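A.B. asks: For reference, this is work-v3.pdb, and it has PDB, C-alpha atoms and all ligand atoms.
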```pdb
ATOM      1  CA  MET A 119      99.162 108.585  82.529
ATOM      2  CA  ILE A 120     100.378 107.318  79.169
ATOM      3  CA  GLY A 121     104.178 107.356  78.898
ATOM      4  CA  PHE A 122     105.802 110.450  77.312
ATOM      5  CA  THR A 123     102.601 112.516  77.664
ATOM      6  CA  GLY A 124     101.726 115.241  80.170
ATOM      7  CA  GLY A 125     104.649 117.599  79.568
ATOM      8  CA  LEU A 126     104.576 120.669  81.806
ATOM      9  CA  LEU A 127     106.141 123.222  79.445
ATOM     10  CA  ASP A 128     104.063 125.720  77.439
ATOM     11  CA  ARG A 129     105.432 125.294  73.917
ATOM     12  CA  GLY A 130     105.233 129.069  73.404
ATOM     13  CA  ASP A 131     104.194 129.101  69.765
ATOM     14  CA  ALA A 132     104.040 132.918  69.679
ATOM     15  CA  ILE A 133     107.776 133.080  70.492
ATOM     16  CA  ARG A 134     108.542 130.973  67.413
ATOM     17  CA  HIS A 135     107.252 133.783  65.217
ATOM     18  CA  ASP A 136     109.053 136.534  67.154
ATOM     19  CA  PRO A 137     112.878 136.341  66.800
ATOM     20  CA  ALA A 138     113.388 139.318  69.153
ATOM     21  CA  ALA A 139     111.347 137.639  71.903
ATOM     22  CA  PHE A 140     113.292 134.394  71.335
ATOM     23  CA  ALA A 141     116.612 136.260  71.663
ATOM     24  CA  ALA A 142     115.431 137.984  74.856
ATOM     25  CA  LEU A 143     114.310 134.680  76.402
ATOM     26  CA  ARG A 144     117.654 132.996  75.809
ATOM     27  CA  ARG A 145     119.551 136.027  77.155
ATOM     28  CA  ASP A 146     117.505 135.953  80.372
ATOM     29  CA  PRO A 147     119.869 134.895  83.224
ATOM     30  CA  ALA A 148     117.091 132.622  84.505
ATOM     31  CA  ALA A 149     116.887 130.676  81.197
ATOM     32  CA  ARG A 150     117.378 126.924  81.569
ATOM     33  CA  LEU A 151     119.287 124.542  79.312
ATOM     34  CA  LEU A 152     118.549 120.813  79.344
ATOM     35  CA  VAL A 153     121.645 118.903  80.485
ATOM     36  CA  LEU A 154     122.418 116.087  78.060
ATOM     37  CA  ASP A 155     125.396 113.781  77.560
ATOM     38  CA  GLY A 156     124.866 113.032  73.887
ATOM     39  CA  TYR A 157     121.181 112.139  74.128
ATOM     40  CA  GLU A 158     121.342 110.775  77.671
ATOM     41  CA  PRO A 159     119.567 113.024  80.186
ATOM     42  CA  ALA A 160     121.072 113.995  83.526
ATOM     43  CA  MET A 161     118.551 112.998  86.150
ATOM     44  CA  ALA A 162     118.060 113.238  89.888
ATOM     45  CA  ALA A 163     115.058 112.227  91.993
ATOM     46  CA  GLY A 164     112.881 111.569  88.955
ATOM     47  CA  GLU A 165     113.539 114.973  87.424
ATOM     48  CA  LEU A 166     115.578 116.161  84.451
ATOM     49  CA  GLY A 167     118.751 118.156  85.038
ATOM     50  CA  TRP A 168     118.860 121.797  83.863
ATOM     51  CA  ALA A 169     121.680 124.355  83.877
ATOM     52  CA  GLY A 170     122.045 128.055  83.087
ATOM     53  CA  ILE A 171     122.992 128.986  79.529
ATOM     54  CA  ASP A 172     126.777 129.335  79.458
ATOM     55  CA  PRO A 173     127.906 132.631  77.831
ATOM     56  CA  ALA A 174     130.007 130.435  75.516
ATOM     57  CA  LEU A 175     126.700 129.284  73.999
ATOM     58  CA  ALA A 176     125.659 132.862  73.107
ATOM     59  CA  ASP A 177     125.731 132.058  69.397
ATOM     60  CA  ALA A 178     124.833 128.358  69.616
ATOM     61  CA  ASP A 179     121.725 126.977  67.937
ATOM     62  CA  LEU A 180     119.101 126.326  70.591
ATOM     63  CA  VAL A 181     115.597 124.870  70.507
ATOM     64  CA  LEU A 182     113.006 126.495  72.730
ATOM     65  CA  LEU A 183     111.429 123.433  74.355
ATOM     66  CA  GLY A 184     108.925 125.694  76.059
ATOM     67  CA  LEU A 185     108.207 128.068  78.921
ATOM     68  CA  ARG A 186     107.456 127.512  82.556
ATOM     69  CA  ASP A 187     106.561 130.487  84.762
ATOM     70  CA  GLY A 188     107.740 132.697  81.898
ATOM     71  CA  ILE A 189     111.242 131.151  81.915
ATOM     72  CA  GLY A 190     112.557 129.742  78.633
ATOM     73  CA  HIS A 191     113.677 126.084  78.717
ATOM     74  CA  PHE A 192     116.091 125.240  75.899
ATOM     75  CA  ALA A 193     118.110 122.387  74.423
ATOM     76  CA  ALA A 194     121.299 122.736  72.374
ATOM     77  CA  ILE A 195     121.306 121.531  68.761
ATOM     78  CA  THR A 196     124.253 119.333  67.771
ATOM     79  CA  GLU A 197     125.361 117.682  64.550
ATOM     80  CA  GLN A 198     125.304 114.181  66.052
ATOM     81  CA  PRO A 199     122.169 112.068  65.455
ATOM     82  CA  ALA A 200     120.969 109.882  68.318
ATOM     83  CA  ARG A 201     122.061 106.264  68.432
ATOM     84  CA  GLY A 202     119.707 103.543  69.678
ATOM     85  CA  ARG A 203     118.294 103.525  73.160
ATOM     86  CA  SER A 204     120.900 102.550  75.737
ATOM     87  CA  PHE A 205     120.123 100.015  78.443
ATOM     88  CA  GLU A 206     120.813 102.748  81.020
ATOM     89  CA  LEU A 207     118.262 105.075  79.392
ATOM     90  CA  ILE A 208     115.546 102.427  79.332
ATOM     91  CA  ALA A 209     116.143 101.705  83.018
ATOM     92  CA  ALA A 210     116.144 105.435  83.811
ATOM     93  CA  LEU A 211     112.856 106.097  82.012
ATOM     94  CA  HIS A 212     111.117 104.091  84.738
ATOM     95  CA  ALA A 213     112.407 106.569  87.312
ATOM     96  CA  LEU A 214     111.511 109.764  85.458
ATOM     97  CA  ALA A 215     108.280 111.560  86.460
ATOM     98  CA  ALA A 216     105.666 111.450  83.674
ATOM     99  CA  GLY A 217     105.812 115.126  82.690
ATOM    100  CA  GLU A 218     109.618 115.028  82.719
ATOM    101  CA  ALA A 219     109.690 112.024  80.398
ATOM    102  CA  ALA A 220     107.427 113.958  78.001
ATOM    103  CA  THR A 221     109.824 116.926  77.955
ATOM    104  CA  TYR A 222     112.767 114.592  77.370
ATOM    105  CA  ALA A 223     110.907 112.831  74.541
ATOM    106  CA  ALA A 224     110.168 116.117  72.764
ATOM    107  CA  ALA A 225     113.776 117.281  73.159
ATOM    108  CA  ARG A 226     115.241 113.997  71.964
ATOM    109  CA  SER A 227     113.040 113.828  68.864
ATOM    110  CA  VAL A 228     113.544 117.422  67.761
ATOM    111  CA  LEU A 229     117.324 117.415  68.424
ATOM    112  CA  ASP A 230     117.739 114.178  66.494
ATOM    113  CA  TRP A 231     115.679 115.645  63.629
ATOM    114  CA  HIS A 232     117.996 118.685  63.482
ATOM    115  CA  ALA A 233     121.083 116.476  63.358
ATOM    116  CA  ARG A 234     119.616 114.449  60.484
ATOM    117  CA  HIS A 235     118.392 117.428  58.457
ATOM    118  CA  ARG A 236     121.437 119.644  58.135
ATOM    119  CA  PHE A 237     121.097 119.569  54.361
ATOM    120  CA  CYS A 238     118.101 120.362  52.191
ATOM    121  CA  ALA A 239     116.204 117.360  50.813
ATOM    122  CA  ASN A 240     115.159 119.573  47.890
ATOM    123  CA  CYS A 241     118.521 120.959  46.665
ATOM    124  CA  GLY A 242     121.282 119.589  48.917
ATOM    125  CA  GLN A 243     122.464 122.953  50.299
ATOM    126  CA  ALA A 244     122.992 123.564  54.036
ATOM    127  CA  THR A 245     119.955 124.354  56.188
ATOM    128  CA  ALA A 246     119.827 126.450  59.376
ATOM    129  CA  PRO A 247     117.372 126.481  62.308
ATOM    130  CA  PHE A 248     114.584 129.053  62.458
ATOM    131  CA  ARG A 249     111.291 129.419  64.357
ATOM    132  CA  ALA A 250     112.966 129.016  67.758
ATOM    133  CA  GLY A 251     114.380 125.678  66.609
ATOM    134  CA  TRP A 252     111.083 124.235  65.340
ATOM    135  CA  GLY A 253     112.101 124.277  61.704
ATOM    136  CA  ARG A 254     115.065 124.607  59.340
ATOM    137  CA  ARG A 255     115.329 126.825  56.305
ATOM    138  CA  CYS A 256     117.507 126.106  53.286
ATOM    139  CA  ASP A 257     120.215 128.691  52.535
ATOM    140  CA  GLY A 258     120.091 127.717  48.853
ATOM    141  CA  CYS A 259     116.488 127.379  47.671
ATOM    142  CA  GLY A 260     114.620 128.790  50.684
ATOM    143  CA  THR A 261     112.581 125.644  51.309
ATOM    144  CA  GLU A 262     111.335 125.417  54.895
ATOM    145  CA  HIS A 263     111.575 122.010  56.599
ATOM    146  CA  PHE A 264     109.689 121.056  59.771
ATOM    147  CA  PRO A 265     110.234 118.282  62.346
ATOM    148  CA  ARG A 266     108.539 115.117  61.181
ATOM    149  CA  VAL A 267     106.400 112.686  63.130
ATOM    150  CA  ASP A 268     105.942 109.144  61.815
ATOM    151  CA  PRO A 269     102.574 107.548  62.644
ATOM    152  CA  VAL A 270     102.546 103.931  63.818
ATOM    153  CA  VAL A 271      99.428 101.891  64.527
ATOM    154  CA  ILE A 272      99.551  99.554  67.533
ATOM    155  CA  MET A 273      96.599  97.324  68.137
ATOM    156  CA  ILE A 274      94.871  94.429  69.808
ATOM    157  CA  ALA A 275      92.569  92.194  67.798
ATOM    158  CA  GLU A 276      89.817  90.720  69.970
ATOM    159  CA  HIS A 277      88.003  87.415  69.485
ATOM    160  CA  ASP A 278      85.610  85.831  71.933
ATOM    161  CA  GLY A 279      86.956  87.783  74.935
ATOM    162  CA  ARG A 280      90.597  87.118  74.093
ATOM    163  CA  ALA A 281      93.313  89.487  72.864
ATOM    164  CA  LEU A 282      95.806  88.701  70.118
ATOM    165  CA  LEU A 283      99.371  89.327  71.320
ATOM    166  CA  GLY A 284     102.540  88.853  69.320
ATOM    167  CA  ARG A 285     106.194  88.364  69.999
ATOM    168  CA  GLN A 286     108.993  89.846  67.897
ATOM    169  CA  PRO A 287     112.342  87.989  67.898
ATOM    170  CA  ALA A 288     114.078  91.054  69.408
ATOM    171  CA  PHE A 289     111.804  91.146  72.479
ATOM    172  CA  PRO A 290     113.204  90.112  75.875
ATOM    173  CA  PRO A 291     112.429  86.446  76.715
ATOM    174  CA  GLY A 292     108.730  85.870  77.458
ATOM    175  CA  ARG A 293     107.555  89.340  76.375
ATOM    176  CA  TYR A 294     104.391  89.566  74.251
ATOM    177  CA  SER A 295     102.785  92.799  73.136
ATOM    178  CA  ALA A 296     100.261  94.389  70.798
ATOM    179  CA  LEU A 297     101.005  94.119  67.073
ATOM    180  CA  ALA A 298     102.301  97.308  65.453
ATOM    181  CA  GLY A 299     103.401  98.798  62.153
ATOM    182  CA  PHE A 300     103.994 102.067  60.304
ATOM    183  CA  LEU A 301     101.186 103.717  58.404
ATOM    184  CA  GLU A 302     101.887 103.931  54.707
ATOM    185  CA  PRO A 303     101.138 106.851  52.384
ATOM    186  CA  GLY A 304      97.518 106.779  51.278
ATOM    187  CA  GLU A 305      96.195 104.818  54.269
ATOM    188  CA  SER A 306      93.724 105.710  56.984
ATOM    189  CA  ILE A 307      94.418 104.576  60.540
ATOM    190  CA  GLU A 308      91.623 101.994  60.232
ATOM    191  CA  GLU A 309      93.056 100.621  56.983
ATOM    192  CA  ALA A 310      96.581 100.400  58.424
ATOM    193  CA  VAL A 311      95.316  98.491  61.494
ATOM    194  CA  ALA A 312      93.471  95.984  59.297
ATOM    195  CA  ARG A 313      96.409  95.577  56.897
ATOM    196  CA  GLU A 314      98.986  95.034  59.655
ATOM    197  CA  ILE A 315      96.920  92.422  61.513
ATOM    198  CA  GLY A 316      96.229  90.708  58.191
ATOM    199  CA  GLU A 317      99.909  90.708  57.186
ATOM    200  CA  GLU A 318     101.391  89.675  60.529
ATOM    201  CA  ALA A 319      98.790  87.200  61.810
ATOM    202  CA  GLY A 320      96.624  86.393  58.785
ATOM    203  CA  ILE A 321      93.478  87.587  60.548
ATOM    204  CA  ALA A 322      90.730  89.763  59.056
ATOM    205  CA  VAL A 323      89.343  92.451  61.365
ATOM    206  CA  THR A 324      86.468  94.927  61.438
ATOM    207  CA  ASP A 325      85.248  97.666  63.772
ATOM    208  CA  VAL A 326      88.612  99.367  64.376
ATOM    209  CA  ARG A 327      88.350 101.716  67.367
ATOM    210  CA  TYR A 328      90.828 104.407  68.411
ATOM    211  CA  VAL A 329      91.886 104.176  72.088
ATOM    212  CA  ALA A 330      94.773 106.610  72.720
ATOM    213  CA  SER A 331      98.058 107.904  71.311
ATOM    214  CA  GLN A 332     101.629 108.399  72.494
ATOM    215  CA  PRO A 333     104.708 110.195  71.203
ATOM    216  CA  TRP A 334     107.587 107.698  70.996
ATOM    217  CA  PRO A 335     110.967 109.404  70.703
ATOM    218  CA  PHE A 336     112.974 106.567  69.104
ATOM    219  CA  PRO A 337     113.303 108.508  66.905
ATOM    220  CA  SER A 338     110.012 110.345  66.286
ATOM    221  CA  SER A 339     106.959 108.098  66.083
ATOM    222  CA  LEU A 340     103.386 108.758  67.099
ATOM    223  CA  MET A 341     101.921 105.507  68.401
ATOM    224  CA  ILE A 342      98.181 105.264  67.658
ATOM    225  CA  ALA A 343      96.580 102.576  69.816
ATOM    226  CA  CYS A 344      93.446 100.806  68.575
ATOM    227  CA  THR A 345      91.315  97.743  69.084
ATOM    228  CA  ALA A 346      89.617  95.694  66.360
ATOM    229  CA  GLN A 347      87.260  92.722  66.162
ATOM    230  CA  ALA A 348      88.688  89.560  64.582
ATOM    231  CA  ALA A 349      86.514  87.535  62.207
ATOM    232  CA  ASP A 350      88.059  84.265  63.448
ATOM    233  CA  ASP A 351      90.979  83.047  65.576
ATOM    234  CA  ARG A 352      93.062  81.076  63.070
ATOM    235  CA  ILE A 353      96.561  82.577  63.167
ATOM    236  CA  THR A 354      98.821  82.477  60.117
ATOM    237  CA  LEU A 355     102.143  83.980  61.218
ATOM    238  CA  ASP A 356     104.407  86.125  59.085
ATOM    239  CA  ARG A 357     107.709  84.766  60.400
ATOM    240  CA  ASN A 358     109.586  87.807  59.147
ATOM    241  CA  GLU A 359     107.615  89.973  61.573
ATOM    242  CA  LEU A 360     106.621  87.724  64.463
ATOM    243  CA  GLU A 361     108.155  84.766  66.234
ATOM    244  CA  ASP A 362     104.849  83.790  67.845
ATOM    245  CA  ALA A 363     101.304  85.029  68.455
ATOM    246  CA  ILE A 364      98.830  83.909  71.110
ATOM    247  CA  TRP A 365      95.237  84.553  72.182
ATOM    248  CA  VAL A 366      95.038  85.594  75.845
ATOM    249  CA  PRO A 367      91.754  85.755  77.812
ATOM    250  CA  ARG A 368      90.803  89.062  79.427
ATOM    251  CA  ASP A 369      91.110  87.695  83.000
ATOM    252  CA  THR A 370      94.619  86.460  82.264
ATOM    253  CA  VAL A 371      95.699  89.817  80.810
ATOM    254  CA  ARG A 372      94.299  91.564  83.884
ATOM    255  CA  ALA A 373      96.153  89.180  86.235
ATOM    256  CA  VAL A 374      99.469  89.528  84.384
ATOM    257  CA  LEU A 375      99.229  93.346  84.448
ATOM    258  CA  ALA A 376      98.582  93.082  88.195
ATOM    259  CA  GLY A 377     101.873  91.211  88.546
ATOM    260  CA  ALA A 378     100.757  87.572  88.475
ATOM    261  CA  GLU A 379     102.676  84.888  86.612
ATOM    262  CA  GLY A 380     101.070  84.074  83.298
ATOM    263  CA  PRO A 381     101.660  82.923  79.738
ATOM    264  CA  PHE A 382     103.492  86.147  78.856
ATOM    265  CA  LEU A 383     105.491  89.052  80.300
ATOM    266  CA  PRO A 384     103.780  92.399  79.616
ATOM    267  CA  PRO A 385     105.301  95.405  77.842
ATOM    268  CA  PRO A 386     106.916  98.063  80.095
ATOM    269  CA  PRO A 387     104.540 100.587  81.734
ATOM    270  CA  TYR A 388     105.859 103.603  79.771
ATOM    271  CA  ALA A 389     104.924 101.904  76.456
ATOM    272  CA  ILE A 390     101.427 102.550  75.143
ATOM    273  CA  ALA A 391     101.010  98.804  74.539
ATOM    274  CA  TYR A 392     100.807  98.517  78.322
ATOM    275  CA  SER A 393      98.131 101.242  78.526
ATOM    276  CA  LEU A 394      96.239  99.626  75.638
ATOM    277  CA  LEU A 395      96.253  96.198  77.299
ATOM    278  CA  LYS A 396      95.135  97.795  80.564
ATOM    279  CA  ALA A 397      92.277  99.649  78.851
ATOM    280  CA  TRP A 398      91.189  96.488  77.038
ATOM    281  CA  ALA A 399      91.389  94.315  80.159
ATOM    282  CA  GLY A 400      89.219  96.806  82.043
TER     283      GLY A 400
HETATM  284 ZN    ZN B 501     117.251 123.802  49.316
END
```
For this file, produce the structure as structure tokens.
Ligand SMILES: [Zn+2]

C.D. replies:
Amino acid sequence: MIGFTGGLLDRGDAIRHDPAAFAALRRDPAARLLVLDGYEPAMAAGELGWAGIDPALADADLVLLGLRDGIGHFAAITEQPARGRSFELIAALHALAAGEAATYAAARSVLDWHARHRFCANCGQATAPFRAGWGRRCDGCGTEHFPRVDPVVIMIAEHDGRALLGRQPAFPPGRYSALAGFLEPGESIEEAVAREIGEEAGIAVTDVRYVASQPWPFPSSLMIACTAQAADDRITLDRNELEDAIWVPRDTVRAVLAGAEGPFLPPPPYAIAYSLLKAWAG
């Protein structure tokens, strides 16, 4: 399972277009509210913590995360944007069951979006949630705003049975991973993959192939994992982006992912770079 995928809630799109049904769901005594301390989840035994909806929250802005067995699962909208990932959260993500991590990721991204979009980008007036928390409407000009997702390409270039891995200065010691970068307006996925590998490692690629994707809630990326064929193996590093880049043979990648010592430490299992390396190594 790719990290942050496999959520178990039905997103309940029909409810988003039915304010009366939304109101009834949140009034239901069985309704569940995600327990958060800021953006840190409460967790026990690999599962997220949920509570009933306190009557004090009767008028609070809630997002309908989805339904399970007909029961609404909500999260409370706040005015505080998320800060960076805490060390505790990263450690905890390892312990969260896959479907639970997906629910947390969706909640974190949409709550953070609300906190950052309290005012209209069109006219500057205040906005308010609508569509069961999956949009905001401007009180001034009526413009409707929807949660954004920012696409990022993440990729391995291959040459002669070896994968190109890079190391950013901020990585933990020894860690190497797939190269990555944001798509820009006017680019296809294939073009973004080729541009990023060219910019960061000075290598021309062809035959870009899609492998898999992953929502990444820091704050709201969609990671699009690809492979590509490198024309040659001469690396010219962009030192602003990468500290180092290396070619690693398939057998070595396979051994490192299996836990052996090797020339690099792999990305964490909940990151799609790990799944991409695993798929490439076979
Ligand atoms: Zn407006």

A.B. asks: Could you state which residues are captured by the PyMOL selection byres (((not hetatm)) within 6 of (chain B and resi 501)) in this file, as a list in words?

C.D. replies: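 With the PyMOL selection byres (((not hetatm)) within 6 of (chain B and resi 501)) on this model, the match is Cys238, Asn240, Cys241, Gly242, Gln243, Cys256, Gly258, Cys259, Gly260 and Thr261 of chain A.
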
A.B. asks: Run the PyMOL selection byres (((chain A and resi 142-156) around 7) and not hetatm) against the file shown and list the residues it catches, as a list in words.

C.D. replies: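 Matching residues under the PyMOL selection byres (((chain A and resi 142-156) around 7) and not hetatm) are Ala138, Ala139, Phe140, Ala141, Tyr157, Glu158, Pro159, Ala160, Gly167, Trp168, Ala169, Gly170, Ile171, Ile189, Gly190, His191, Phe192 and Ala193 of chain A.
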
A.B. asks: Please write as an MDAnalysis selection string the full residue list that the PyMOL selection byres (((chain A and resi 324) around 6) and not hetatm) yields on this file.

C.D. replies: chainID A and resid 323 325:326 346:347

A.B. asks: Ranking A:Phe248, A:Phe289, A:Tyr392, A:Phe205 by minimum distance to Ile272 of chain A and counting all atoms listed in the file, which one comes first?

C.D. replies: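 Of the candidates, the smallest distance to Ile272 of chain A is held by A:Tyr392.
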
A.B. asks: Could you jot down the atom CA of Pro287 of chain A to atom CA of Ile208 of chain A separation for me, Å, one decimal place?

C.D. replies: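 Between atom CA of Pro287 of chain A and atom CA of Ile208 of chain A the gap works out to 18.7 Å.
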
A.B. asks: Determine the axis-aligned bounding box of all atoms of segment 294-305 of chain A present in the file, pad each side by 8 Å, and express its centre and edge lengths in Å to one decimal place as AutoDock Vina command-line options.

C.D. replies:
```
--center_x 100.3 --center_y 98.2 --center_z 62.8 --size_x 24.2 --size_y 33.3 --size_z 39.0
```

A.B. asks: Could you tell me which of A:Arg254, A:Arg226, A:His212, A:Arg129 comes closest to Tyr388 of chain A if we count all atoms listed in the file?

C.D. replies: A:His212

A.B. asks: What's the separation between atom CA of Ala250 of chain A and atom CA of Asp177 of chain A, in Å to one decimal place?

C.D. replies: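 Atom-to-atom, atom CA of Ala250 of chain A to atom CA of Asp177 of chain A, that is 13.2 Å.
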
A.B. asks: In Å, with one decimal, what is the gap from atom CA of Leu175 of chain A to atom CA of Ala215 of chain A?

C.D. replies: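 Between atom CA of Leu175 of chain A and atom CA of Ala215 of chain A the gap is 28.4 Å.
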
A.B. asks: Out of A:Gly400, A:Pro199, A:Ala349, A:Arg293, which residue has the shortest atom-to-atom distance to Gly380 of chain A when counting only C-alpha atoms?

C.D. replies: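 Checking each candidate against Gly380 of chain A, we get A:Arg293 as the closest.
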
A.B. asks: Using all atoms listed in the file, find the one residue out of A:Asp356, A:Pro337, A:Gln286, A:Ser295 that sits nearest to Glu317 of chain A.

C.D. replies: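 Counting all atoms listed in the file, the residue closest to Glu317 of chain A is A:Asp356.
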
A.B. asks: In terms of the shortest atom-to-atom distance over only C-alpha atoms, which of A:Arg203, A:Arg255, A:Lys396, A:His235 is closest to Val374 of chain A?

C.D. replies: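 When distances to Val374 of chain A are compared using only C-alpha atoms, the smallest one comes from A:Lys396.
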
A.B. asks: Would you mind completing segment 166-174 of chain A so that it carries all heavy atoms, and writing it out as a PDB file, keeping the file's coordinate frame?

C.D. replies:
```
ATOM      1  N   LEU A 166     114.506 115.857  85.391  1.00  0.00           N
ATOM      2  CA  LEU A 166     115.578 116.161  84.451  1.00  0.00           C
ATOM      3  C   LEU A 166     116.527 117.194  85.046  1.00  0.00           C
ATOM      4  O   LEU A 166     116.117 118.018  85.869  1.00  0.00           O
ATOM      5  CB  LEU A 166     114.983 116.724  83.156  1.00  0.00           C
ATOM      6  CG  LEU A 166     114.149 115.750  82.319  1.00  0.00           C
ATOM      7  CD1 LEU A 166     113.396 116.514  81.230  1.00  0.00           C
ATOM      8  CD2 LEU A 166     115.021 114.668  81.704  1.00  0.00           C
ATOM      9  N   GLY A 167     117.784 117.159  84.603  1.00  0.00           N
ATOM     10  CA  GLY A 167     118.751 118.156  85.038  1.00  0.00           C
ATOM     11  C   GLY A 167     118.768 119.352  84.091  1.00  0.00           C
ATOM     12  O   GLY A 167     118.702 119.203  82.872  1.00  0.00           O
ATOM     13  N   TRP A 168     118.803 120.566  84.660  1.00  0.00           N
ATOM     14  CA  TRP A 168     118.860 121.797  83.863  1.00  0.00           C
ATOM     15  C   TRP A 168     120.029 122.639  84.369  1.00  0.00           C
ATOM     16  O   TRP A 168     120.391 122.560  85.539  1.00  0.00           O
ATOM     17  CB  TRP A 168     117.565 122.603  84.019  1.00  0.00           C
ATOM     18  CG  TRP A 168     116.338 121.888  83.575  1.00  0.00           C
ATOM     19  CD1 TRP A 168     115.555 121.055  84.319  1.00  0.00           C
ATOM     20  CD2 TRP A 168     115.740 121.914  82.271  1.00  0.00           C
ATOM     21  NE1 TRP A 168     114.511 120.564  83.568  1.00  0.00           N
ATOM     22  CE2 TRP A 168     114.604 121.085  82.306  1.00  0.00           C
ATOM     23  CE3 TRP A 168     116.067 122.568  81.072  1.00  0.00           C
ATOM     24  CZ2 TRP A 168     113.790 120.875  81.197  1.00  0.00           C
ATOM     25  CZ3 TRP A 168     115.259 122.365  79.965  1.00  0.00           C
ATOM     26  CH2 TRP A 168     114.131 121.528  80.026  1.00  0.00           C
ATOM     27  N   ALA A 169     120.594 123.448  83.486  1.00  0.00           N
ATOM     28  CA  ALA A 169     121.680 124.355  83.877  1.00  0.00           C
ATOM     29  C   ALA A 169     121.381 125.728  83.295  1.00  0.00           C
ATOM     30  O   ALA A 169     120.488 125.867  82.454  1.00  0.00           O
ATOM     31  CB  ALA A 169     123.004 123.830  83.338  1.00  0.00           C
ATOM     32  N   GLY A 170     122.138 126.753  83.735  1.00  0.00           N
ATOM     33  CA  GLY A 170     122.045 128.055  83.087  1.00  0.00           C
ATOM     34  C   GLY A 170     122.662 127.963  81.696  1.00  0.00           C
ATOM     35  O   GLY A 170     123.338 126.988  81.372  1.00  0.00           O
ATOM     36  N   ILE A 171     122.402 128.975  80.866  1.00  0.00           N
ATOM     37  CA  ILE A 171     122.992 128.986  79.529  1.00  0.00           C
ATOM     38  C   ILE A 171     124.362 129.650  79.616  1.00  0.00           C
ATOM     39  O   ILE A 171     124.472 130.846  79.866  1.00  0.00           O
ATOM     40  CB  ILE A 171     122.085 129.712  78.517  1.00  0.00           C
ATOM     41  CG1 ILE A 171     120.738 128.972  78.410  1.00  0.00           C
ATOM     42  CG2 ILE A 171     122.762 129.768  77.153  1.00  0.00           C
ATOM     43  CD1 ILE A 171     119.758 129.616  77.446  1.00  0.00           C
ATOM     44  N   ASP A 172     125.400 128.855  79.409  1.00  0.00           N
ATOM     45  CA  ASP A 172     126.777 129.335  79.458  1.00  0.00           C
ATOM     46  C   ASP A 172     126.970 130.447  78.424  1.00  0.00           C
ATOM     47  O   ASP A 172     126.507 130.321  77.298  1.00  0.00           O
ATOM     48  CB  ASP A 172     127.697 128.140  79.137  1.00  0.00           C
ATOM     49  CG  ASP A 172     129.148 128.440  79.437  1.00  0.00           C
ATOM     50  OD1 ASP A 172     129.657 129.434  78.862  1.00  0.00           O
ATOM     51  OD2 ASP A 172     129.752 127.690  80.211  1.00  0.00           O
ATOM     52  N   PRO A 173     127.667 131.562  78.810  1.00  0.00           N
ATOM     53  CA  PRO A 173     127.906 132.631  77.831  1.00  0.00           C
ATOM     54  C   PRO A 173     128.595 132.121  76.568  1.00  0.00           C
ATOM     55  O   PRO A 173     128.426 132.697  75.492  1.00  0.00           O
ATOM     56  CB  PRO A 173     128.811 133.600  78.600  1.00  0.00           C
ATOM     57  CG  PRO A 173     128.502 133.359  80.043  1.00  0.00           C
ATOM     58  CD  PRO A 173     128.163 131.902  80.150  1.00  0.00           C
ATOM     59  N   ALA A 174     129.342 131.002  76.691  1.00  0.00           N
ATOM     60  CA  ALA A 174     130.007 130.435  75.516  1.00  0.00           C
ATOM     61  C   ALA A 174     128.996 129.951  74.477  1.00  0.00           C
ATOM     62  O   ALA A 174     129.334 129.743  73.314  1.00  0.00           O
ATOM     63  CB  ALA A 174     130.913 129.279  75.942  1.00  0.00           C
TER      64      ALA A 174
END
```
